[in-house]
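Structure file my_file-v5.tsv (TSV, C-alpha atoms) follows.
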```
chain	number	residue	atom	x	y	z
Q	1	MET	CA	16.38	-34.57	-9.86
Q	2	LEU	CA	19.96	-33.30	-9.57
Q	3	LEU	CA	22.10	-32.63	-12.60
Q	4	GLU	CA	25.64	-33.94	-12.69
Q	5	LYS	CA	28.24	-31.42	-11.48
Q	6	GLY	CA	29.54	-30.39	-14.93
Q	7	THR	CA	26.09	-29.94	-16.39
Q	8	ARG	CA	24.95	-27.93	-13.36
Q	9	GLN	CA	27.95	-25.59	-13.62
Q	10	LEU	CA	27.43	-25.09	-17.35
Q	11	THR	CA	23.70	-24.51	-16.84
Q	12	MET	CA	24.35	-21.88	-14.16
Q	13	SER	CA	26.80	-20.10	-16.46
Q	14	MET	CA	24.22	-20.28	-19.26
Q	15	HIS	CA	21.59	-18.60	-17.04
Q	16	ILE	CA	23.94	-15.66	-16.49
Q	17	ALA	CA	24.74	-15.44	-20.21
Q	18	ARG	CA	21.01	-15.43	-20.99
Q	19	GLY	CA	20.39	-12.55	-18.58
Q	20	LEU	CA	23.27	-10.47	-19.90
Q	21	ASN	CA	22.30	-11.21	-23.49
Q	22	TYR	CA	18.84	-9.86	-22.65
Q	23	LEU	CA	20.30	-6.65	-21.21
Q	24	HIS	CA	22.70	-6.15	-24.11
Q	25	THR	CA	20.01	-6.70	-26.77
Q	26	LEU	CA	17.57	-4.16	-25.31
Q	27	ASP	CA	17.10	-0.96	-27.31
Q	28	PRO	CA	19.13	0.87	-26.12
Q	29	PRO	CA	21.42	-1.78	-24.59
Q	30	VAL	CA	21.94	-1.86	-20.82
Q	31	LEU	CA	25.42	-2.48	-19.41
Q	32	HIS	CA	25.45	-4.13	-15.97
Q	33	ARG	CA	28.92	-2.82	-15.03
Q	34	ASN	CA	29.08	-4.64	-11.68
Q	35	LEU	CA	28.71	-8.33	-12.45
Q	36	LYS	CA	30.16	-10.49	-9.71
Q	37	SER	CA	29.08	-13.57	-7.80
Q	38	GLN	CA	27.68	-11.51	-4.92
Q	39	ASN	CA	25.19	-10.00	-7.39
Q	40	LEU	CA	23.64	-13.32	-8.40
Q	41	LEU	CA	20.56	-14.85	-6.81
Q	42	VAL	CA	19.15	-18.37	-7.12
Q	43	ASP	CA	15.39	-18.77	-7.58
Q	44	ASP	CA	13.25	-21.66	-6.29
Q	45	GLY	CA	13.85	-23.56	-9.53
Q	46	GLY	CA	17.62	-23.32	-9.21
Q	47	LYS	CA	18.04	-20.68	-11.93
Q	48	LEU	CA	20.54	-17.88	-11.42
Q	49	LYS	CA	19.21	-14.33	-11.60
Q	50	ILE	CA	21.30	-11.19	-12.00
Q	51	SER	CA	20.75	-8.50	-9.37
Q	52	ASP	CA	22.18	-5.16	-8.19
Q	53	PHE	CA	21.56	-2.84	-11.08
Q	54	GLY	CA	22.74	0.21	-9.13
Q	55	TRP	CA	25.75	0.69	-11.42
Q	56	SER	CA	23.92	-0.33	-14.61
Q	57	ARG	CA	23.60	2.26	-17.37
Q	58	LEU	CA	22.13	2.53	-20.81
Q	59	LYS	CA	24.88	2.16	-23.37
Q	60	THR	CA	24.00	5.62	-24.67
Q	61	PHE	CA	24.81	7.09	-21.24
Q	62	ASP	CA	28.39	8.35	-21.13
Q	63	ALA	CA	29.49	7.35	-17.67
Q	64	GLY	CA	33.10	8.21	-18.33
Q	65	LYS	CA	35.43	6.99	-15.64
Q	66	THR	CA	33.41	5.81	-12.69
Q	67	PHE	CA	34.13	4.09	-9.43
Q	68	PHE	CA	33.66	0.34	-9.43
Q	69	HIS	CA	33.49	-2.47	-6.91
Q	70	GLY	CA	35.15	-5.86	-7.10
Q	71	TRP	CA	38.54	-5.65	-8.77
Q	72	GLN	CA	38.56	-9.43	-9.23
Q	73	TRP	CA	35.78	-9.21	-11.83
Q	74	VAL	CA	36.62	-5.95	-13.62
Q	75	ALA	CA	37.92	-5.98	-17.20
Q	76	PRO	CA	41.54	-4.93	-17.75
Q	77	GLU	CA	40.61	-1.83	-19.75
Q	78	ILE	CA	38.39	-0.60	-16.90
Q	79	LEU	CA	41.17	-1.07	-14.34
Q	80	TRP	CA	43.13	1.58	-16.22
Q	81	GLY	CA	40.32	4.09	-16.72
Q	82	GLY	CA	38.81	2.79	-19.95
Q	83	LYS	CA	35.17	3.10	-20.93
Q	84	PHE	CA	32.58	0.49	-20.00
Q	85	THR	CA	31.26	-1.44	-23.00
Q	86	GLU	CA	29.47	-4.74	-23.53
Q	87	ALA	CA	32.93	-6.33	-23.68
Q	88	ALA	CA	33.61	-5.33	-20.06
Q	89	ASP	CA	30.49	-7.25	-18.99
Q	90	VAL	CA	31.73	-10.23	-21.05
Q	91	TYR	CA	35.04	-10.20	-19.16
Q	92	SER	CA	33.22	-10.01	-15.81
Q	93	TYR	CA	31.04	-12.92	-16.93
Q	94	SER	CA	34.14	-15.03	-17.55
Q	95	MET	CA	35.37	-14.41	-14.00
Q	96	VAL	CA	31.97	-15.37	-12.54
Q	97	ALA	CA	31.81	-18.49	-14.75
Q	98	TRP	CA	35.31	-19.41	-13.54
Q	99	GLU	CA	34.07	-19.03	-9.95
Q	100	ILE	CA	31.15	-21.36	-10.64
Q	101	LEU	CA	33.56	-23.87	-12.14
Q	102	THR	CA	36.17	-23.76	-9.37
Q	103	HIS	CA	34.24	-22.60	-6.27
Q	104	GLU	CA	37.02	-20.07	-5.68
Q	105	MET	CA	37.17	-16.29	-5.89
Q	106	PRO	CA	39.38	-15.01	-8.72
Q	107	PHE	CA	42.74	-13.61	-7.63
Q	108	GLN	CA	42.07	-14.51	-4.00
Q	109	GLY	CA	44.66	-13.11	-1.60
Q	110	MET	CA	45.66	-10.26	-3.92
Q	111	ASN	CA	44.98	-6.61	-3.15
Q	112	PRO	CA	43.51	-4.24	-5.79
Q	113	VAL	CA	46.91	-2.91	-6.91
Q	114	GLN	CA	48.29	-6.44	-7.31
Q	115	ILE	CA	45.22	-7.45	-9.30
Q	116	GLY	CA	45.53	-4.40	-11.55
Q	117	VAL	CA	49.20	-5.05	-12.28
Q	118	ALA	CA	48.67	-8.79	-12.78
Q	119	VAL	CA	45.56	-8.56	-14.97
Q	120	ARG	CA	46.47	-5.54	-17.06
Q	121	GLY	CA	50.26	-5.55	-17.02
Q	122	GLN	CA	51.02	-9.27	-16.90
Q	123	LYS	CA	47.76	-10.46	-18.56
Q	124	LEU	CA	47.25	-12.94	-15.71
Q	125	ARG	CA	44.05	-14.98	-15.72
Q	126	PRO	CA	42.99	-17.63	-13.23
Q	127	PRO	CA	44.01	-21.21	-14.04
Q	128	LEU	CA	41.39	-23.57	-15.42
Q	129	PRO	CA	41.03	-27.01	-13.82
Q	130	ASP	CA	42.49	-29.91	-15.78
Q	131	ASP	CA	39.04	-31.49	-16.11
Q	132	CYS	CA	37.42	-28.36	-17.56
Q	133	ASP	CA	35.33	-29.05	-20.67
Q	134	PRO	CA	37.52	-27.99	-23.65
Q	135	GLY	CA	34.67	-26.04	-25.26
Q	136	PHE	CA	34.01	-24.17	-22.02
Q	137	ALA	CA	37.74	-23.50	-21.61
Q	138	ASP	CA	37.89	-22.04	-25.13
Q	139	LEU	CA	34.90	-19.82	-24.39
Q	140	LEU	CA	36.40	-18.54	-21.13
Q	141	HIS	CA	39.69	-17.77	-22.89
Q	142	ALA	CA	37.77	-15.79	-25.53
Q	143	CYS	CA	35.69	-13.95	-22.90
Q	144	TRP	CA	38.67	-12.87	-20.82
Q	145	HIS	CA	40.78	-11.81	-23.80
Q	146	ASP	CA	42.93	-8.79	-23.03
Q	147	LEU	CA	41.55	-6.84	-26.00
Q	148	PRO	CA	37.86	-5.95	-25.58
Q	149	GLU	CA	37.22	-6.01	-29.33
Q	150	GLU	CA	38.33	-9.68	-29.40
Q	151	ARG	CA	35.76	-10.80	-26.83
Q	152	PRO	CA	32.56	-12.42	-28.14
Q	153	SER	CA	29.15	-10.77	-27.82
Q	154	PHE	CA	26.61	-12.32	-25.48
Q	155	VAL	CA	24.66	-13.55	-28.50
Q	156	LYS	CA	27.68	-15.75	-29.28
Q	157	VAL	CA	28.37	-16.60	-25.63
Q	158	LEU	CA	24.76	-17.70	-25.09
Q	159	GLY	CA	24.76	-19.80	-28.27
Q	160	LYS	CA	27.95	-21.55	-27.19
Q	161	MET	CA	26.64	-22.10	-23.65
Q	162	GLN	CA	23.38	-23.57	-24.94
Q	163	ALA	CA	25.35	-26.00	-27.13
Q	164	LEU	CA	27.66	-26.96	-24.24
Q	165	VAL	CA	24.73	-27.57	-21.88
Q	166	ALA	CA	22.97	-29.73	-24.48
Q	167	LEU	CA	26.11	-31.83	-25.03
Q	168	SER	CA	26.79	-32.13	-21.31
Q	169	SER	CA	23.18	-33.12	-20.58
Q	170	GLU	CA	23.34	-35.86	-23.21
Q	171	ALA	CA	26.66	-37.12	-21.82
Q	172	ASP	CA	25.17	-37.20	-18.31
Q	173	GLY	CA	22.16	-39.13	-19.59
Q	174	TRP	CA	19.64	-36.29	-19.22
Q	175	PRO	CA	17.45	-35.13	-22.10
Q	176	SER	CA	18.44	-31.70	-23.38
```

Would you mind writing the file out in C-alpha coordinates?
Amino acid sequence: MLLEKGTRQLTMSMHIARGLNYLHTLDPPVLHRNLKSQNLLVDDGGKLKISDFGWSRLKTFDAGKTFFHGWQWVAPEILWGGKFTEAADVYSYSMVAWEILTHEMPFQGMNPVQIGVAVRGQKLRPPLPDDCDPGFADLLHACWHDLPEERPSFVKVLGKMQALVALSSEADGWPS
(Lines of atoms letter the chains of each structure in order from A and count residues from 1; the text may use other names and numbers.)
(Lines give C-alpha, C1' and ligand atoms only; values in the text may rest on other atoms or scores of the structure.)
Protein backbone atom coordinates (compact mmCIF):
# COMPACT_ATOMS: atom_id res chain seq x y z
CA MET A 1 0.00 0.00 0.00
CA LEU A 2 1.60 3.28 -1.08
CA LEU A 3 1.21 6.46 0.91
CA GLU A 4 0.31 9.66 -0.88
CA LYS A 5 3.32 11.78 -1.86
CA GLY A 6 3.01 14.37 0.94
CA THR A 7 2.53 11.78 3.65
CA ARG A 8 5.46 9.72 2.36
CA GLN A 9 7.77 12.75 2.38
CA LEU A 10 6.70 13.74 5.88
CA THR A 11 7.09 10.15 7.10
CA MET A 12 10.61 9.92 5.67
CA SER A 13 11.55 13.18 7.39
CA MET A 14 10.03 11.86 10.62
CA HIS A 15 12.21 8.71 10.44
CA ILE A 16 15.33 10.89 10.28
CA ALA A 17 14.12 13.06 13.16
CA ARG A 18 13.47 9.92 15.23
CA GLY A 19 17.00 8.64 14.60
CA LEU A 20 18.64 11.95 15.45
CA ASN A 21 16.45 12.37 18.53
CA TYR A 22 17.70 8.96 19.67
CA LEU A 23 21.34 9.99 19.20
CA HIS A 24 20.86 13.34 20.93
CA THR A 25 19.05 11.85 23.94
CA LEU A 26 21.72 9.22 24.66
CA ASP A 27 23.81 9.79 27.79
CA PRO A 28 26.13 11.34 26.77
CA PRO A 29 24.54 12.67 23.56
CA VAL A 30 26.02 11.70 20.19
CA LEU A 31 26.33 14.32 17.45
CA HIS A 32 26.20 12.92 13.90
CA ARG A 33 28.09 15.86 12.33
CA ASN A 34 27.77 14.59 8.75
CA LEU A 35 24.06 14.27 8.04
CA LYS A 36 23.31 14.41 4.34
CA SER A 37 21.16 12.46 1.92
CA GLN A 38 24.06 10.22 0.88
CA ASN A 39 24.23 8.98 4.49
CA LEU A 40 20.65 7.69 4.57
CA LEU A 41 19.61 4.14 3.80
CA VAL A 42 16.14 2.70 3.18
CA ASP A 43 15.24 -0.62 4.82
CA ASP A 44 12.92 -3.30 3.39
CA GLY A 45 9.95 -1.65 5.11
CA GLY A 46 10.65 1.73 3.51
CA LYS A 47 12.02 3.34 6.68
CA LEU A 48 15.00 5.65 6.44
CA LYS A 49 18.04 4.76 8.52
CA ILE A 50 20.95 7.06 9.32
CA SER A 51 24.40 5.75 8.41
CA ASP A 52 28.05 6.86 8.23
CA PHE A 53 28.97 7.56 11.81
CA GLY A 54 32.63 8.13 10.96
CA TRP A 55 32.43 11.82 11.93
CA SER A 56 30.07 11.27 14.88
CA ARG A 57 31.30 12.22 18.33
CA LEU A 58 30.04 12.20 21.87
CA LYS A 59 28.94 15.68 22.81
CA THR A 60 31.50 15.62 25.63
CA PHE A 61 34.28 15.17 23.05
CA ASP A 62 35.81 18.51 22.11
CA ALA A 63 36.37 18.13 18.41
CA GLY A 64 37.23 21.77 17.94
CA LYS A 65 37.40 22.80 14.33
CA THR A 66 37.31 19.73 12.15
CA PHE A 67 37.11 19.02 8.47
CA PHE A 68 33.64 18.31 7.15
CA HIS A 69 32.06 16.99 3.98
CA GLY A 70 29.04 18.34 2.15
CA TRP A 71 28.89 22.12 2.34
CA GLN A 72 25.25 22.04 1.21
CA TRP A 73 24.16 20.48 4.51
CA VAL A 74 26.50 22.19 6.99
CA ALA A 75 25.17 24.74 9.48
CA PRO A 76 26.25 28.37 8.99
CA GLU A 77 28.19 28.50 12.25
CA ILE A 78 30.24 25.46 11.21
CA LEU A 79 31.09 27.00 7.84
CA TRP A 80 32.94 29.72 9.73
CA GLY A 81 34.78 27.51 12.22
CA GLY A 82 32.16 27.25 14.96
CA LYS A 83 31.72 24.30 17.28
CA PHE A 84 29.47 21.37 16.43
CA THR A 85 26.40 21.15 18.65
CA GLU A 86 23.00 19.46 18.44
CA ALA A 87 21.81 22.59 16.63
CA ALA A 88 24.23 21.91 13.75
CA ASP A 89 22.61 18.49 13.26
CA VAL A 90 19.18 20.20 13.32
CA TYR A 91 20.27 22.53 10.51
CA SER A 92 21.61 19.59 8.47
CA TYR A 93 18.31 17.79 9.06
CA SER A 94 16.42 20.73 7.56
CA MET A 95 18.51 20.56 4.39
CA VAL A 96 17.90 16.80 4.07
CA ALA A 97 14.16 17.27 4.71
CA TRP A 98 14.13 19.96 2.01
CA GLU A 99 15.79 17.47 -0.36
CA ILE A 100 13.12 14.88 0.39
CA LEU A 101 10.45 17.49 -0.29
CA THR A 102 11.89 18.84 -3.54
CA HIS A 103 14.01 15.97 -4.92
CA GLU A 104 16.81 18.48 -5.45
CA MET A 105 20.19 18.98 -3.82
CA PRO A 106 20.43 22.20 -1.78
CA PHE A 107 22.46 24.98 -3.40
CA GLN A 108 23.01 22.91 -6.53
CA GLY A 109 25.49 24.48 -8.94
CA MET A 110 27.26 26.50 -6.24
CA ASN A 111 30.84 25.84 -5.16
CA PRO A 112 31.81 25.67 -1.45
CA VAL A 113 32.89 29.33 -1.27
CA GLN A 114 29.64 30.49 -2.88
CA ILE A 115 27.65 28.35 -0.46
CA GLY A 116 29.56 29.72 2.52
CA VAL A 117 29.01 33.33 1.49
CA ALA A 118 25.35 32.76 0.60
CA VAL A 119 24.41 30.74 3.69
CA ARG A 120 26.42 32.60 6.31
CA GLY A 121 26.77 36.08 4.85
CA GLN A 122 23.49 36.46 2.96
CA LYS A 123 21.45 34.00 5.09
CA LEU A 124 20.27 32.27 1.92
CA ARG A 125 18.11 29.17 2.32
CA PRO A 126 16.58 27.05 -0.43
CA PRO A 127 13.09 28.04 -1.57
CA LEU A 128 10.14 25.98 -0.39
CA PRO A 129 7.61 24.78 -2.97
CA ASP A 130 4.31 26.67 -3.04
CA ASP A 131 2.42 23.50 -2.11
CA CYS A 132 4.55 22.78 0.98
CA ASP A 133 2.49 21.99 4.08
CA PRO A 134 2.48 25.23 6.17
CA GLY A 135 3.35 23.36 9.37
CA PHE A 136 6.29 21.65 7.67
CA ALA A 137 7.41 24.98 6.19
CA ASP A 138 7.35 26.57 9.66
CA LEU A 139 9.40 23.69 11.05
CA LEU A 140 12.00 23.92 8.28
CA HIS A 141 12.31 27.68 8.82
CA ALA A 142 12.89 27.07 12.54
CA CYS A 143 15.42 24.29 11.88
CA TRP A 144 17.51 26.31 9.44
CA HIS A 145 17.48 29.47 11.56
CA ASP A 146 20.75 31.38 11.32
CA LEU A 147 21.22 31.39 15.10
CA PRO A 148 21.86 27.89 16.50
CA GLU A 149 20.25 28.73 19.85
CA GLU A 150 16.98 29.51 18.02
CA ARG A 151 16.74 26.07 16.39
CA PRO A 152 14.45 23.51 18.04
CA SER A 153 15.76 20.37 19.73
CA PHE A 154 15.05 17.02 18.11
CA VAL A 155 12.54 16.29 20.87
CA LYS A 156 10.50 19.21 19.49
CA VAL A 157 11.24 18.38 15.85
CA LEU A 158 10.12 14.78 16.32
CA GLY A 159 6.94 15.83 18.13
CA LYS A 160 6.06 18.23 15.32
CA MET A 161 6.85 15.64 12.64
CA GLN A 162 4.69 13.01 14.36
CA ALA A 163 1.79 15.48 14.46
CA LEU A 164 2.27 16.45 10.80
CA VAL A 165 2.39 12.80 9.69
CA ALA A 166 -0.78 12.01 11.65
CA LEU A 167 -2.63 14.96 10.09
CA SER A 168 -1.36 14.14 6.60
CA SER A 169 -2.31 10.47 6.95
CA GLU A 170 -5.84 11.42 7.99
CA ALA A 171 -6.13 13.85 5.07
CA ASP A 172 -4.94 11.13 2.68
CA GLY A 173 -7.50 8.71 4.10
CA TRP A 174 -4.99 6.46 5.89
CA PRO A 175 -5.27 5.62 9.59
CA SER A 176 -2.56 7.27 11.65

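Taking only C-alpha atoms into account, the protein, DNA and RNA residues within 10 Å of (36.9, -11.9, -24.5) read Ala75, Ala87, Ala88, Asp89, Val90, Tyr91, Ser92, Tyr93, Ser94, Leu139, Leu140, His141, Ala142, Cys143, Trp144, His145, Asp146, Leu147, Pro148, Glu149, Glu150, Arg151, Pro152, Ser153 and Val157 of chain Q.
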
Any idea what's packed within 8 Å of Ile16 (chain Q), counting all atoms listed in the file, ignoring anything in its chain fewer than 3 positions away? Could you give it as a ChimeraX atom specification? /Q:12-13,19-20,48-50,93

Just write the chosen residues, C-alpha atoms, as a short mmCIF file (atom, residue, chain, number, x, y, z; two decimals), in the coordinates of the input.
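Now in again-v5.cif:
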```cif
data_model
loop_
_atom_site.label_atom_id
_atom_site.label_comp_id
_atom_site.auth_asym_id
_atom_site.auth_seq_id
_atom_site.Cartn_x
_atom_site.Cartn_y
_atom_site.Cartn_z
CA MET Q 12 24.35 -21.88 -14.16
CA SER Q 13 26.80 -20.10 -16.46
CA GLY Q 19 20.39 -12.55 -18.58
CA LEU Q 20 23.27 -10.47 -19.90
CA LEU Q 48 20.54 -17.88 -11.42
CA LYS Q 49 19.21 -14.33 -11.60
CA ILE Q 50 21.30 -11.19 -12.00
CA TYR Q 93 31.04 -12.92 -16.93
#
```

Between Q:Gly81, Q:Asn111, Q:Ser169, Q:Ala97, which has the minimum distance to Met14 (chain Q) (counting all atoms listed in the file)? Q:Ala97

Considering all atoms listed in the file, state which residue in the set Q:Ala166, Q:Val74, Q:Ala17, Q:Cys132 is at the smallest distance from Asn34 (chain Q).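 Closest residue, counting all atoms listed in the file: Q:Val74.
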
Residues near Val117 (chain Q), anyone? I mean within 12 Å using only C-alpha atoms, not counting same-chain ones fewer than 3 positions away, as JSON, numbers by chain. {"Q": [71, 72, 76, 77, 79, 80, 107, 110, 111, 112, 113, 114, 120, 121, 122, 123, 124, 125]}

Ranking Q:Gly6, Q:Glu86, Q:Phe154, Q:Pro29 by minimum distance to Ser168 (chain Q) and counting all atoms listed in the file, which one comes first?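 Residue with the minimum atom-to-atom distance to Ser168 (chain Q): Q:Gly6.
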
Report the distance between CA of Ala163 (chain Q) and CA of Gly45 (chain Q) in Å, rounded to one decimal place.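 Result for CA of Ala163 (chain Q) versus CA of Gly45 (chain Q): 21.2 Å, one decimal.
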
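From CA of Met161 (chain Q) back to CA of Thr11 (chain Q), the distance works out to 7.8 Å.
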
Interatomic distance (Å, one decimal) between CA of Met105 (chain Q) and CA of Ser37 (chain Q):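 That distance, rounded to one decimal, is 8.7 Å.
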
Using all atoms listed in the file, which protein or nucleic acid residues come within 12 Å of Leu101 (chain Q)? Drop anything in the same chain fewer than 5 positions from it, and give the result as a count of residues only. 24

Residue among Q:Leu26, Q:Leu40, Q:Leu158, Q:Val119 lying closest to Ile100 (chain Q), counting all atoms listed in the file: Q:Leu40

Edge lengths and centre in Å to one decimal, as lines of an AutoDock Vina configuration file, of the axis-aligned box that encloses all listed atoms of region 142-148 of chain Q with 5 Å added on every side?
```
center_x = 39.3
center_y = -10.9
center_z = -23.4
size_x = 17.2
size_y = 19.8
size_z = 15.2
```

Could region 120-146 of chain Q be completed with N, CA and C atoms and written as a tab-separated table (two decimals), keeping the file's coordinate frame, please?
```
chain	number	residue	atom	x	y	z
Q	120	ARG	N	46.21	-6.45	-15.94
Q	120	ARG	CA	46.47	-5.54	-17.06
Q	120	ARG	C	47.91	-5.65	-17.54
Q	121	GLY	N	48.85	-5.57	-16.63
Q	121	GLY	CA	50.26	-5.55	-17.02
Q	121	GLY	C	50.81	-6.90	-17.43
Q	122	GLN	N	50.47	-7.93	-16.65
Q	122	GLN	CA	51.02	-9.27	-16.90
Q	122	GLN	C	50.04	-10.19	-17.62
Q	123	LYS	N	48.82	-9.69	-17.87
Q	123	LYS	CA	47.76	-10.46	-18.56
Q	123	LYS	C	47.45	-11.78	-17.85
Q	124	LEU	N	47.53	-11.75	-16.52
Q	124	LEU	CA	47.25	-12.94	-15.71
Q	124	LEU	C	45.76	-13.23	-15.71
Q	125	ARG	N	45.42	-14.50	-15.86
Q	125	ARG	CA	44.05	-14.98	-15.72
Q	125	ARG	C	44.09	-16.19	-14.81
Q	126	PRO	N	42.98	-16.49	-14.15
Q	126	PRO	CA	42.99	-17.63	-13.23
Q	126	PRO	C	43.15	-18.94	-13.99
Q	127	PRO	N	43.80	-19.92	-13.37
Q	127	PRO	CA	44.01	-21.21	-14.04
Q	127	PRO	C	42.72	-22.02	-14.12
Q	128	LEU	N	42.55	-22.69	-15.25
Q	128	LEU	CA	41.39	-23.57	-15.42
Q	128	LEU	C	41.73	-24.96	-14.90
Q	129	PRO	N	40.77	-25.64	-14.28
Q	129	PRO	CA	41.03	-27.01	-13.82
Q	129	PRO	C	41.34	-27.93	-14.99
Q	130	ASP	N	42.12	-28.95	-14.74
Q	130	ASP	CA	42.49	-29.91	-15.78
Q	130	ASP	C	41.28	-30.60	-16.39
Q	131	ASP	N	40.22	-30.79	-15.60
Q	131	ASP	CA	39.04	-31.49	-16.11
Q	131	ASP	C	37.99	-30.56	-16.71
Q	132	CYS	N	38.36	-29.31	-16.97
Q	132	CYS	CA	37.42	-28.36	-17.56
Q	132	CYS	C	37.06	-28.80	-18.98
Q	133	ASP	N	35.78	-28.74	-19.32
Q	133	ASP	CA	35.33	-29.05	-20.67
Q	133	ASP	C	36.11	-28.18	-21.66
Q	134	PRO	N	36.71	-28.77	-22.70
Q	134	PRO	CA	37.52	-27.99	-23.65
Q	134	PRO	C	36.74	-26.86	-24.33
Q	135	GLY	N	35.48	-27.09	-24.64
Q	135	GLY	CA	34.67	-26.04	-25.26
Q	135	GLY	C	34.43	-24.88	-24.31
Q	136	PHE	N	34.21	-25.20	-23.03
Q	136	PHE	CA	34.01	-24.17	-22.02
Q	136	PHE	C	35.32	-23.41	-21.79
Q	137	ALA	N	36.43	-24.13	-21.77
Q	137	ALA	CA	37.74	-23.50	-21.61
Q	137	ALA	C	38.00	-22.52	-22.75
Q	138	ASP	N	37.70	-22.94	-23.98
Q	138	ASP	CA	37.89	-22.04	-25.13
Q	138	ASP	C	37.03	-20.79	-25.00
Q	139	LEU	N	35.79	-20.97	-24.55
Q	139	LEU	CA	34.90	-19.82	-24.39
Q	139	LEU	C	35.42	-18.87	-23.32
Q	140	LEU	N	35.86	-19.40	-22.19
Q	140	LEU	CA	36.40	-18.54	-21.13
Q	140	LEU	C	37.62	-17.78	-21.61
Q	141	HIS	N	38.51	-18.45	-22.34
Q	141	HIS	CA	39.69	-17.77	-22.89
Q	141	HIS	C	39.27	-16.62	-23.81
Q	142	ALA	N	38.25	-16.84	-24.62
Q	142	ALA	CA	37.77	-15.79	-25.53
Q	142	ALA	C	37.15	-14.64	-24.73
Q	143	CYS	N	36.39	-14.97	-23.69
Q	143	CYS	CA	35.69	-13.95	-22.90
Q	143	CYS	C	36.63	-13.11	-22.05
Q	144	TRP	N	37.76	-13.66	-21.64
Q	144	TRP	CA	38.67	-12.87	-20.82
Q	144	TRP	C	39.87	-12.38	-21.62
Q	145	HIS	N	39.72	-12.33	-22.93
Q	145	HIS	CA	40.78	-11.81	-23.80
Q	145	HIS	C	41.17	-10.41	-23.34
Q	146	ASP	N	42.44	-10.09	-23.46
Q	146	ASP	CA	42.93	-8.79	-23.03
Q	146	ASP	C	42.34	-7.64	-23.85
```
